[in-house]
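The next block holds one structure in the form of structure tokens; read it before the comments.
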Amino acid sequence: MAGGTEKLDDPAFYDAHWETTSLKDDPYVAAKAALMTSLVPADVRTIVDVGCGDGSLTHHFVDRWDVTAVDRSAVALQNLRCKTVNCSADAIKMPDHSADLLLSSEMLEHLPDDVLAGAAKEFVRVAGRWLMISVPDSENVQKRFARCDHCGYEFNIYGHLRSLDEDAIEGLFEGFER
């Protein structure tokens, strides 16, 4: 992929996305929420959802747990009906071990390398006991590449920068195990 990942750490990039995107009626999100809420351990009282976007998944958790939604986009956070924190995943403005469970769904594959490394450290710092991570499993990122006819820029149509599998996820989060 030719350059361009620097925009993926710019809040304006995410704000522009969430001004025109909503996942609240997406049946995939509802199905994923049903599965994920069923997997929350019984001892969990507080959840931090990092990369929550417009809250379409987050809102499935707020009636049962004390949830804080974290996102880079202030526009996205306007849709949330829980506590919110506007920050990057690699600089989460919360105290150490401030949530029983840290949730992140379909976000890590979008992060530039330096932000991913920082986010992994922050997830470990903020999570009290549990991490719940969802990513496309072993995705062939190049399969969904496109090229701009004007400038020749190549990119994944979903903005994915990497493929992650169980081993890659486990390697990111020191002190946590599957």
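By order in the structure tokens, chains are A, B, ...; within a chain, residues start at 1; ligands start at 1, following the order shown.
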
Margin query: I need the residues of stretch 8-121 of chain A that end up classed as helix (DSSP H, G or I) by DSSP on the backbone, written out as a PyMOL selection string.
Written below: chain A and resi 8-9+11-20+27-38+58-60+74-77+108-110+113-121

Just the selected residues (N, CA and C atoms), exported as a CSV table (one decimal), in the first residue's frame, please.
```csv
chain,number,residue,atom,x,y,z
A,8,LEU,N,-5.3,8.2,8.9
A,8,LEU,CA,-6.1,7.3,9.8
A,8,LEU,C,-5.9,7.5,11.3
A,9,ASP,N,-5.0,8.5,11.6
A,9,ASP,CA,-4.9,8.9,13.0
A,9,ASP,C,-5.4,10.3,13.2
A,11,PRO,N,-8.4,12.9,13.8
A,11,PRO,CA,-9.8,12.9,14.2
A,11,PRO,C,-10.8,13.3,13.1
A,12,ALA,N,-10.4,14.3,12.3
A,12,ALA,CA,-11.2,14.8,11.2
A,12,ALA,C,-11.6,13.6,10.2
A,13,PHE,N,-10.7,12.7,10.0
A,13,PHE,CA,-11.0,11.5,9.1
A,13,PHE,C,-12.2,10.7,9.7
A,14,TYR,N,-12.1,10.5,11.0
A,14,TYR,CA,-13.2,9.7,11.6
A,14,TYR,C,-14.5,10.5,11.8
A,15,ASP,N,-14.4,11.8,12.1
A,15,ASP,CA,-15.6,12.6,12.1
A,15,ASP,C,-16.3,12.6,10.8
A,16,ALA,N,-15.6,12.8,9.7
A,16,ALA,CA,-16.2,12.8,8.4
A,16,ALA,C,-16.9,11.4,8.1
A,17,HIS,N,-16.3,10.3,8.5
A,17,HIS,CA,-16.9,9.0,8.4
A,17,HIS,C,-18.2,8.9,9.1
A,18,TRP,N,-18.2,9.3,10.4
A,18,TRP,CA,-19.4,9.2,11.2
A,18,TRP,C,-20.5,10.2,10.9
A,19,GLU,N,-20.2,11.3,10.2
A,19,GLU,CA,-21.2,12.2,9.8
A,19,GLU,C,-22.1,11.6,8.7
A,20,THR,N,-21.7,10.5,8.0
A,20,THR,CA,-22.4,9.9,7.0
A,20,THR,C,-22.7,8.4,7.2
A,27,PRO,N,-28.0,-5.7,10.7
A,27,PRO,CA,-28.3,-7.0,11.4
A,27,PRO,C,-27.0,-7.7,11.8
A,28,TYR,N,-25.9,-7.5,11.2
A,28,TYR,CA,-24.7,-8.1,11.6
A,28,TYR,C,-24.3,-7.6,13.0
A,29,VAL,N,-24.4,-6.3,13.2
A,29,VAL,CA,-24.1,-5.7,14.5
A,29,VAL,C,-25.0,-6.3,15.6
A,30,ALA,N,-26.2,-6.4,15.3
A,30,ALA,CA,-27.2,-6.9,16.3
A,30,ALA,C,-26.8,-8.4,16.6
A,31,ALA,N,-26.5,-9.2,15.6
A,31,ALA,CA,-26.1,-10.6,15.9
A,31,ALA,C,-24.8,-10.6,16.6
A,32,LYS,N,-23.8,-9.8,16.3
A,32,LYS,CA,-22.6,-9.8,17.0
A,32,LYS,C,-22.8,-9.3,18.5
A,33,ALA,N,-23.7,-8.4,18.7
A,33,ALA,CA,-23.9,-7.9,20.0
A,33,ALA,C,-24.6,-9.0,20.9
A,34,ALA,N,-25.5,-9.8,20.3
A,34,ALA,CA,-26.1,-10.9,21.0
A,34,ALA,C,-25.0,-11.9,21.5
A,35,LEU,N,-24.1,-12.2,20.6
A,35,LEU,CA,-23.0,-13.2,20.9
A,35,LEU,C,-22.1,-12.6,22.0
A,36,MET,N,-21.7,-11.3,21.7
A,36,MET,CA,-20.7,-10.7,22.7
A,36,MET,C,-21.3,-10.5,24.0
A,37,THR,N,-22.5,-10.1,24.1
A,37,THR,CA,-23.1,-9.9,25.5
A,37,THR,C,-23.2,-11.2,26.2
A,38,SER,N,-23.5,-12.3,25.5
A,38,SER,CA,-23.6,-13.6,26.1
A,38,SER,C,-22.2,-14.1,26.6
A,58,THR,N,-22.2,-0.8,21.3
A,58,THR,CA,-22.1,-0.3,22.7
A,58,THR,C,-23.5,-0.3,23.3
A,59,HIS,N,-24.5,0.2,22.6
A,59,HIS,CA,-25.8,0.3,23.2
A,59,HIS,C,-26.4,-1.0,23.7
A,60,HIS,N,-26.0,-2.1,23.1
A,60,HIS,CA,-26.4,-3.4,23.6
A,60,HIS,C,-25.9,-3.8,25.0
A,74,ALA,N,-15.4,12.8,17.9
A,74,ALA,CA,-16.4,13.5,18.7
A,74,ALA,C,-17.8,13.4,18.0
A,75,VAL,N,-17.8,13.4,16.7
A,75,VAL,CA,-19.1,13.2,16.0
A,75,VAL,C,-19.7,11.9,16.3
A,76,ALA,N,-19.0,10.8,16.3
A,76,ALA,CA,-19.5,9.5,16.7
A,76,ALA,C,-20.0,9.5,18.1
A,77,LEU,N,-19.3,10.1,19.0
A,77,LEU,CA,-19.7,10.0,20.4
A,77,LEU,C,-21.0,10.8,20.7
A,108,LEU,N,-9.0,-2.8,15.6
A,108,LEU,CA,-7.5,-2.9,15.6
A,108,LEU,C,-6.9,-3.0,14.2
A,109,GLU,N,-7.7,-3.6,13.2
A,109,GLU,CA,-7.2,-3.8,11.9
A,109,GLU,C,-7.1,-2.5,11.1
A,110,HIS,N,-7.7,-1.4,11.6
A,110,HIS,CA,-7.6,-0.1,11.0
A,110,HIS,C,-6.5,0.7,11.5
A,113,ASP,N,0.6,1.1,12.4
A,113,ASP,CA,1.5,0.3,13.3
A,113,ASP,C,1.8,1.0,14.7
A,114,ASP,N,2.2,2.3,14.6
A,114,ASP,CA,2.5,2.9,15.9
A,114,ASP,C,1.3,3.1,16.8
A,115,VAL,N,0.2,3.4,16.2
A,115,VAL,CA,-1.0,3.5,17.1
A,115,VAL,C,-1.5,2.1,17.6
A,116,LEU,N,-1.3,1.1,16.8
A,116,LEU,CA,-1.7,-0.3,17.3
A,116,LEU,C,-0.8,-0.7,18.5
A,117,ALA,N,0.5,-0.4,18.4
A,117,ALA,CA,1.4,-0.8,19.5
A,117,ALA,C,1.0,0.0,20.8
A,118,GLY,N,0.7,1.3,20.6
A,118,GLY,CA,0.3,2.1,21.8
A,118,GLY,C,-1.1,1.6,22.3
A,119,ALA,N,-2.0,1.3,21.4
A,119,ALA,CA,-3.3,0.9,21.8
A,119,ALA,C,-3.2,-0.4,22.6
A,120,ALA,N,-2.4,-1.4,22.2
A,120,ALA,CA,-2.2,-2.6,22.9
A,120,ALA,C,-1.8,-2.4,24.3
A,121,LYS,N,-0.8,-1.5,24.5
A,121,LYS,CA,-0.4,-1.1,25.9
A,121,LYS,C,-1.5,-0.5,26.7
```

Next item on the list: Would you kindly return, as an NGL selection string, each protein, DNA or RNA residue with an atom no farther than 10 Å from any atom of A:Trp130, considering only C-alpha atoms and excluding same-chain residues fewer than 2 positions away?
Entry: :A and (40-41 or 44 or 47 or 99-103 or 123-124 or 126-128 or 132-133 or 176-177)
